[in-house]
$ cat work_3.cif   # mmCIF, C-alpha atoms and all ligand atoms
data_start
#
loop_
_atom_site.label_atom_id
_atom_site.label_comp_id
_atom_site.auth_asym_id
_atom_site.auth_seq_id
_atom_site.Cartn_x
_atom_site.Cartn_y
_atom_site.Cartn_z
CA MET A 1282 -0.21 14.13 25.89
CA LYS A 1283 3.43 13.30 26.57
CA ASN A 1284 2.76 12.74 30.29
CA GLN A 1285 0.25 9.99 29.41
CA ILE A 1286 3.00 8.03 27.69
CA ASP A 1287 5.10 5.25 29.08
CA MET A 1288 8.51 6.50 27.93
CA GLN A 1289 10.05 3.14 28.85
CA ASN A 1290 7.77 1.42 26.33
CA LEU A 1291 8.12 3.50 23.18
CA PRO A 1292 7.65 1.83 19.81
CA ARG A 1293 11.19 1.00 18.66
CA HIS A 1294 10.48 1.59 14.99
CA ILE A 1295 7.97 4.20 13.79
CA ALA A 1296 7.15 4.68 10.12
CA ILE A 1297 5.30 7.66 8.68
CA ILE A 1298 3.44 8.18 5.41
CA MET A 1299 3.73 11.95 5.10
CA ASP A 1300 0.60 12.88 3.19
CA GLY A 1301 -1.32 16.10 2.65
CA ASN A 1302 1.30 18.62 1.50
CA GLY A 1303 -0.79 19.53 -1.56
CA ARG A 1304 -4.00 20.00 0.43
CA TRP A 1305 -2.14 22.09 3.01
CA ALA A 1306 -0.86 24.41 0.26
CA LYS A 1307 -4.32 24.67 -1.29
CA LYS A 1308 -5.79 25.73 2.03
CA PHE A 1309 -3.49 28.77 1.99
CA PHE A 1310 -3.89 29.42 -1.78
CA MET A 1311 -0.27 28.44 -2.32
CA LYS A 1312 1.44 26.24 -4.91
CA ARG A 1313 1.91 22.53 -4.18
CA SER A 1314 5.66 23.18 -4.02
CA ALA A 1315 5.13 25.42 -0.97
CA GLY A 1316 3.33 22.51 0.69
CA HIS A 1317 6.27 20.19 0.02
CA ARG A 1318 8.71 22.78 1.40
CA ALA A 1319 6.60 23.15 4.56
CA GLY A 1320 6.49 19.33 4.73
CA ALA A 1321 10.28 19.11 4.62
CA GLN A 1322 10.50 21.66 7.46
CA ALA A 1323 7.96 19.71 9.51
CA LEU A 1324 10.08 16.58 9.07
CA ARG A 1325 13.25 18.35 10.09
CA ARG A 1326 11.70 19.66 13.31
CA LEU A 1327 10.18 16.31 14.14
CA VAL A 1328 13.44 14.42 13.61
CA GLU A 1329 15.31 16.81 15.89
CA GLU A 1330 12.72 16.49 18.64
CA MET A 1331 12.39 12.72 18.32
CA ASP A 1332 16.15 12.31 18.52
CA LYS A 1333 16.27 14.47 21.65
CA ALA A 1334 13.42 12.46 23.21
CA GLY A 1335 15.30 9.18 22.72
CA PHE A 1336 13.40 7.52 19.87
CA GLU A 1337 15.29 4.72 18.13
CA ILE A 1338 14.20 4.38 14.47
CA LEU A 1339 12.05 6.54 12.18
CA THR A 1340 11.32 5.60 8.56
CA VAL A 1341 9.56 8.16 6.37
CA TYR A 1342 8.03 7.81 2.92
CA ALA A 1343 9.43 10.76 0.96
CA PHE A 1344 9.12 9.58 -2.66
CA SER A 1345 7.45 6.42 -3.90
CA THR A 1346 8.08 4.38 -7.04
CA GLU A 1347 4.71 5.76 -8.22
CA ASN A 1348 5.53 9.43 -7.55
CA TRP A 1349 7.43 9.66 -10.89
CA LYS A 1350 3.98 9.80 -12.52
CA ARG A 1351 3.35 13.27 -11.08
CA ASP A 1352 3.82 16.42 -13.13
CA GLU A 1353 7.37 16.80 -14.39
CA ASP A 1354 7.68 20.12 -12.55
CA GLU A 1355 6.52 18.64 -9.26
CA VAL A 1356 8.93 15.70 -9.56
CA ALA A 1357 11.80 18.10 -10.31
CA TYR A 1358 10.83 20.28 -7.36
CA LEU A 1359 10.65 17.32 -4.98
CA MET A 1360 14.04 16.00 -6.14
CA GLY A 1361 15.58 19.46 -5.65
CA LEU A 1362 14.04 19.72 -2.20
CA ILE A 1363 15.33 16.29 -1.22
CA HIS A 1364 18.80 17.25 -2.46
CA GLU A 1365 18.66 20.43 -0.38
CA TYR A 1366 17.45 18.47 2.65
CA ILE A 1367 20.30 15.94 2.38
CA GLN A 1368 22.84 18.74 1.90
CA GLN A 1369 21.56 20.53 5.00
CA TYR A 1370 22.08 17.38 7.07
CA ILE A 1371 25.60 17.04 5.63
CA SER A 1372 26.38 20.63 6.70
CA ASP A 1373 24.92 20.07 10.18
CA ALA A 1374 26.30 16.55 10.70
CA GLU A 1375 28.98 17.60 13.17
CA ASP A 1376 26.44 19.04 15.59
CA SER A 1377 23.86 16.31 15.28
CA ASN A 1378 23.68 12.79 16.64
CA THR A 1379 21.21 11.42 14.05
CA ARG A 1380 22.19 8.56 11.76
CA ILE A 1381 20.63 9.10 8.32
CA ARG A 1382 20.24 6.62 5.49
CA CYS A 1383 18.05 6.43 2.42
CA ILE A 1384 16.22 3.28 1.39
CA GLY A 1385 14.60 2.38 -1.93
CA ASP A 1386 16.01 1.87 -5.40
CA LEU A 1387 18.48 4.73 -5.27
CA SER A 1388 20.04 3.73 -8.62
CA ALA A 1389 17.27 5.65 -10.46
CA LEU A 1390 18.20 8.94 -8.78
CA GLU A 1391 20.47 11.52 -10.32
CA PRO A 1392 24.14 10.44 -9.78
CA ASN A 1393 24.99 13.62 -7.90
CA LEU A 1394 22.13 13.02 -5.45
CA GLN A 1395 23.18 9.37 -5.05
CA GLU A 1396 26.68 10.54 -4.16
CA ARG A 1397 25.36 13.04 -1.55
CA ILE A 1398 23.13 10.34 -0.02
CA ALA A 1399 26.06 7.91 0.24
CA HIS A 1400 28.22 10.64 1.76
CA LEU A 1401 25.58 11.51 4.38
CA ALA A 1402 25.16 7.83 5.30
CA ASP A 1403 28.92 7.52 5.62
CA ILE A 1404 29.53 10.56 7.83
CA THR A 1405 26.65 9.70 10.16
CA LYS A 1406 27.12 5.94 10.39
CA GLU A 1407 28.88 6.04 13.76
CA LYS A 1408 26.31 8.36 15.35
CA THR A 1409 24.54 7.01 18.39
CA GLY A 1410 21.22 8.89 18.19
CA MET A 1411 18.07 8.06 16.28
CA LEU A 1412 18.27 6.28 12.92
CA LEU A 1413 16.34 8.13 10.22
CA ASN A 1414 15.54 6.13 7.08
CA ILE A 1415 14.29 8.25 4.21
CA ALA A 1416 12.43 6.14 1.64
CA LEU A 1417 13.20 7.47 -1.85
CA ASN A 1418 12.03 5.81 -5.02
CA TYR A 1419 10.69 3.24 -2.60
CA GLY A 1420 7.92 0.74 -3.24
CA GLY A 1421 7.08 -2.23 -1.05
CA ARG A 1422 6.61 -4.50 -4.06
CA ASP A 1423 9.85 -3.28 -5.57
CA ASP A 1424 11.65 -3.90 -2.24
CA ILE A 1425 10.39 -7.51 -2.23
CA LEU A 1426 11.24 -8.00 -5.93
CA ARG A 1427 14.76 -6.70 -5.44
CA ALA A 1428 15.19 -9.04 -2.45
CA VAL A 1429 13.97 -12.01 -4.51
CA ARG A 1430 16.38 -11.14 -7.30
CA GLN A 1431 19.15 -10.92 -4.73
CA LEU A 1432 18.27 -14.39 -3.42
CA ALA A 1433 18.63 -15.69 -6.99
CA ALA A 1434 21.86 -13.75 -7.55
CA ASP A 1435 23.24 -15.24 -4.31
CA SER A 1436 22.26 -18.75 -5.62
CA ILE A 1437 20.32 -19.51 -2.43
CA PRO A 1438 18.89 -23.06 -2.61
CA ILE A 1439 15.08 -23.23 -2.59
CA ALA A 1440 15.12 -25.03 0.76
CA ASP A 1441 16.91 -22.05 2.30
CA ILE A 1442 14.48 -19.42 1.05
CA ASN A 1443 12.50 -18.41 4.10
CA GLU A 1444 11.34 -15.29 5.95
CA ALA A 1445 14.76 -14.73 7.49
CA THR A 1446 16.76 -15.04 4.25
CA LEU A 1447 14.32 -12.82 2.37
CA SER A 1448 14.07 -10.22 5.18
CA ALA A 1449 17.85 -10.03 5.22
CA ARG A 1450 17.77 -8.79 1.61
CA LEU A 1451 15.14 -6.12 2.07
CA ASP A 1452 16.14 -2.47 2.39
CA THR A 1453 15.30 -2.74 6.10
CA ALA A 1454 17.65 -5.69 6.72
CA ASN A 1455 18.84 -5.77 10.34
CA LEU A 1456 16.04 -3.46 11.50
CA PRO A 1457 13.05 -4.53 13.56
CA ASP A 1458 9.73 -4.32 11.67
CA PRO A 1459 7.86 -1.07 12.30
CA ASP A 1460 5.74 -1.26 15.45
CA LEU A 1461 3.64 1.71 14.44
CA ILE A 1462 2.80 3.15 11.01
CA ILE A 1463 1.26 6.62 10.96
CA ARG A 1464 -0.46 8.18 7.96
CA THR A 1465 -1.41 11.83 7.94
CA SER A 1466 -4.24 13.62 6.13
CA GLY A 1467 -6.93 11.04 6.80
CA GLU A 1468 -6.18 8.41 4.16
CA MET A 1469 -6.32 4.77 5.25
CA ARG A 1470 -3.99 3.10 2.75
CA LEU A 1471 -0.46 1.71 2.90
CA SER A 1472 0.20 2.92 -0.68
CA ASN A 1473 2.94 0.35 -1.29
CA PHE A 1474 4.93 1.34 1.83
CA LEU A 1475 6.86 -1.39 3.71
CA LEU A 1476 4.42 -4.12 2.60
CA TRP A 1477 6.40 -7.07 3.94
CA GLN A 1478 7.54 -5.28 7.08
CA ALA A 1479 4.02 -4.03 7.97
CA ALA A 1480 2.62 -7.54 8.60
CA TYR A 1481 2.00 -6.88 12.30
CA SER A 1482 2.41 -3.11 12.55
CA GLU A 1483 -0.24 -1.08 14.30
CA PHE A 1484 -1.74 1.47 11.91
CA TYR A 1485 -2.72 4.96 13.02
CA ALA A 1486 -4.38 7.54 10.77
CA THR A 1487 -4.77 11.21 11.65
CA ASP A 1488 -6.56 14.01 9.79
CA ILE A 1489 -3.65 16.39 10.42
CA LEU A 1490 -2.02 17.42 7.13
CA TRP A 1491 1.68 16.58 7.07
CA PRO A 1492 3.08 20.16 7.27
CA ASP A 1493 1.02 20.65 10.48
CA PHE A 1494 2.24 17.41 12.08
CA LYS A 1495 4.13 18.05 15.33
CA ILE A 1496 5.62 15.90 18.05
CA LYS A 1497 2.42 16.32 20.11
CA HIS A 1498 0.58 14.47 17.32
CA LEU A 1499 3.18 11.73 17.46
CA TYR A 1500 2.59 11.41 21.21
CA GLU A 1501 -1.14 11.19 20.52
CA ALA A 1502 -0.47 8.29 18.13
CA ILE A 1503 1.76 6.59 20.70
CA THR A 1504 -0.91 6.93 23.40
CA HIS A 1505 -3.28 4.98 21.13
CA PHE A 1506 -0.54 2.50 20.30
CA GLN A 1507 0.19 1.84 23.96
CA LYS A 1508 -3.50 1.13 24.66
CA ARG A 1509 -3.68 -1.52 21.94
CA GLU A 1510 -2.91 -5.11 22.70
CA ARG A 1511 -0.55 -6.53 20.09
CA ARG A 1512 -1.12 -10.24 19.55
CA PHE A 1513 0.95 -10.90 16.41
CA GLY A 1514 -1.74 -13.31 15.22
CA GLY A 1515 -1.85 -15.26 18.47
CA ARG A 1516 -4.51 -15.02 21.15
CA LYS A 1517 -4.20 -15.86 24.81
CA SER A 1518 -7.16 -17.86 26.12
C1 LIG B 1601 2.34 13.65 -0.13
O1 LIG B 1601 1.63 14.84 -0.19
C2 LIG B 1601 3.74 13.91 0.00
C3 LIG B 1601 4.69 13.53 -0.89
C4 LIG B 1601 4.43 12.82 -2.15
C5 LIG B 1601 6.09 13.83 -0.68
C6 LIG B 1601 6.56 13.81 0.74
C7 LIG B 1601 7.59 14.82 0.82
C8 LIG B 1601 7.83 15.62 1.86
C9 LIG B 1601 7.14 15.56 3.15
C10 LIG B 1601 8.81 16.72 1.76
C11 LIG B 1601 10.09 16.36 1.21
C12 LIG B 1601 10.79 15.32 1.96
C13 LIG B 1601 12.08 15.38 2.22
C14 LIG B 1601 12.79 14.23 2.84
C15 LIG B 1601 12.85 16.56 1.87
P1 LIG B 1601 0.71 15.07 -1.45
O2 LIG B 1601 1.45 15.92 -2.40
O3 LIG B 1601 0.27 13.75 -1.98
O4 LIG B 1601 -0.48 15.84 -0.81
P2 LIG B 1601 -1.99 15.83 -1.29
O5 LIG B 1601 -2.46 14.41 -1.22
O6 LIG B 1601 -2.66 16.72 -0.29
O7 LIG B 1601 -2.01 16.39 -2.67
#
$ encode --input "work_3.cif" --output "structure tokens"
Amino acid sequence: MKNQIDMQNLPRHIAIIMDGNGRWAKKFFMKRSAGHRAGAQALRRLVEEMDKAGFEILTVYAFSTENWKRDEDEVAYLMGLIHEYIQQYISDAEDSNTRIRCIGDLSALEPNLQERIAHLADITKEKTGMLLNIALNYGGRDDILRAVRQLAADSIPIADINEATLSARLDTANLPDPDLIIRTSGEMRLSNFLLWQAAYSEFYATDILWPDFKIKHLYEAITHFQKRERRFGGRKS
């Protein structure tokens, strides 16, 4: 697959909706938590390989504003797993070139986790490799609402409220919009992920369950992406 790809024309920003952990666990008669753990490992491997291959920005949907409605035990497990994941990156930061930030309304997370997230962002901010954005307590509508509130808090005159001033207050400020959004496990929904930013993104769905997702599947998605003609609403005659 990789040799069919134009490595000079990679999507700059890739976003992934990591879905199917529960179904993966069920397939092996395991608890949902085992699926999430396998999902975290799959992400770790992918990030390492993408960074090595020269990708620029990856944004992943790890916990949505709606995920709080899951079973208390599952929410607690996911939060613990995320904490562990962040801590692992803190421990490995010296040997890695990945820049890691979290996006979303982080104020709802446990203070200790917020502190670890801020620390990880701080110690990796000068890294020159791939930027990994982990979306936590993230919702596209919430992102837009928080940006609108920020416009009001900044007393921006109505005449100056436009796409640029709003975009600059989203969690993805200063980043290009995602070129490619991938969703695993066969679902065809955005599920409140990057709603504003996805206006012109190419969408790619695969039946692979997230814990089974490997870099070869990413290259498959990119092969499709590179065959599509992106018109951004325009059309050449
Ligand atoms: C969807 O699978 C996945 C999630 C709600 C969480 C995504 C989390 C991870 C991939 C692992 C943890 C991430 C980090 C950054 C440590 P699902 O449970 O909805 O699967 P199902 O639809 O098959 O039930």
$ residues_around --input "work_3.cif" --residues "stretch 1487-1489 of chain A" --least-positions-apart "4" --cutoff "10 Å" --atoms "only C-alpha atoms" --output "number ranges by chain"
A: 1300-1301, 1305, 1463-1469, 1493-1495, 1498-1499, 1501-1502
$ residues_near_ligand --input "work_3.cif" --ligand "ligand LIG 1601 (chain B)" --cutoff "8 Å" --atoms "all atoms listed in the file" --output "compact mmCIF listing (two decimals) with C-alpha atoms, in the coordinates of the input"
# COMPACT_ATOMS: atom_id res chain seq x y z
CA ILE A 1298 3.44 8.18 5.41
CA MET A 1299 3.73 11.95 5.10
CA ASP A 1300 0.60 12.88 3.19
CA GLY A 1301 -1.32 16.10 2.65
CA ASN A 1302 1.30 18.62 1.50
CA GLY A 1303 -0.79 19.53 -1.56
CA ARG A 1304 -4.00 20.00 0.43
CA TRP A 1305 -2.14 22.09 3.01
CA ALA A 1306 -0.86 24.41 0.26
CA ARG A 1313 1.91 22.53 -4.18
CA GLY A 1316 3.33 22.51 0.69
CA HIS A 1317 6.27 20.19 0.02
CA ARG A 1318 8.71 22.78 1.40
CA ALA A 1319 6.60 23.15 4.56
CA GLY A 1320 6.49 19.33 4.73
CA ALA A 1321 10.28 19.11 4.62
CA GLN A 1322 10.50 21.66 7.46
CA ALA A 1323 7.96 19.71 9.51
CA LEU A 1324 10.08 16.58 9.07
CA VAL A 1341 9.56 8.16 6.37
CA TYR A 1342 8.03 7.81 2.92
CA ALA A 1343 9.43 10.76 0.96
CA PHE A 1344 9.12 9.58 -2.66
CA SER A 1345 7.45 6.42 -3.90
CA ASN A 1348 5.53 9.43 -7.55
CA LEU A 1359 10.65 17.32 -4.98
CA LEU A 1362 14.04 19.72 -2.20
CA ILE A 1363 15.33 16.29 -1.22
CA HIS A 1364 18.80 17.25 -2.46
CA GLU A 1365 18.66 20.43 -0.38
CA TYR A 1366 17.45 18.47 2.65
CA ILE A 1367 20.30 15.94 2.38
CA ILE A 1415 14.29 8.25 4.21
CA SER A 1466 -4.24 13.62 6.13
CA LEU A 1490 -2.02 17.42 7.13
CA TRP A 1491 1.68 16.58 7.07
CA PRO A 1492 3.08 20.16 7.27
$ atom_distance --input "work_3.cif" --atom1 "atom CA of A:Asn1473" --atom2 "atom CA of A:Gly1335"
28.4 Å
$ residues_around --input "work_3.cif" --residues "stretch 1480-1485 of chain A" --least-positions-apart "4" --cutoff "6 Å" --atoms "all atoms listed in the file" --output "VMD selection string"
chain A and resid 1459 to 1463 1513
$ residues_around --input "work_3.cif" --residues "A:Asp1373" --least-positions-apart "6" --cutoff "12 Å" --atoms "all atoms listed in the file" --output "MDAnalysis selection string"
chainID A and resid 1325 1329 1366:1367 1379:1381 1401 1404:1405
$ atom_distance --input "work_3.cif" --atom1 "atom CA of A:Glu1337" --atom2 "atom CA of A:Ala1445"
22.2 Å
$ closest_residue --input "work_3.cif" --among "A:Leu1476, A:Met1331, A:Ala1357, A:Ala1374" --to "A:Asp1452" --atoms "only C-alpha atoms"
A:Leu1476
$ closest_residue --input "work_3.cif" --among "A:Ile1398, A:Ala1334, A:Ile1371, A:Cys1383" --to "A:Lys1283" --atoms "only C-alpha atoms"
A:Ala1334
$ closest_residue --input "work_3.cif" --among "A:Ala1416, A:Ser1377, A:Ser1448, A:Leu1471" --to "A:Leu1432" --atoms "all atoms listed in the file"
A:Ser1448
$ closest_residue --input "work_3.cif" --among "A:Thr1446, A:Asn1418, A:Gln1368, A:Ser1388" --to "A:Phe1474" --atoms "all atoms listed in the file"
A:Asn1418
$ atom_distance --input "work_3.cif" --atom1 "atom CA of A:Asp1458" --atom2 "atom CA of A:Gln1369"
28.3 Å
$ closest_residue --input "work_3.cif" --among "A:Met1311, A:Leu1291, A:Leu1413, A:Ile1297" --to "A:Tyr1370" --atoms "all atoms listed in the file"
A:Leu1413
$ residues_around --input "work_3.cif" --residues "A:Ala1428" --least-positions-apart "3" --cutoff "8 Å" --atoms "all atoms listed in the file" --output "list in words"
Asp1424, Ile1425, Gln1431, Leu1432, Leu1447, Ser1448, Arg1450 and Leu1451 of chain A
$ closest_residue --input "work_3.cif" --among "A:Ala1449, A:Ile1338, A:Val1356, A:Ile1384" --to "A:Thr1409" --atoms "all atoms listed in the file"
A:Ile1338
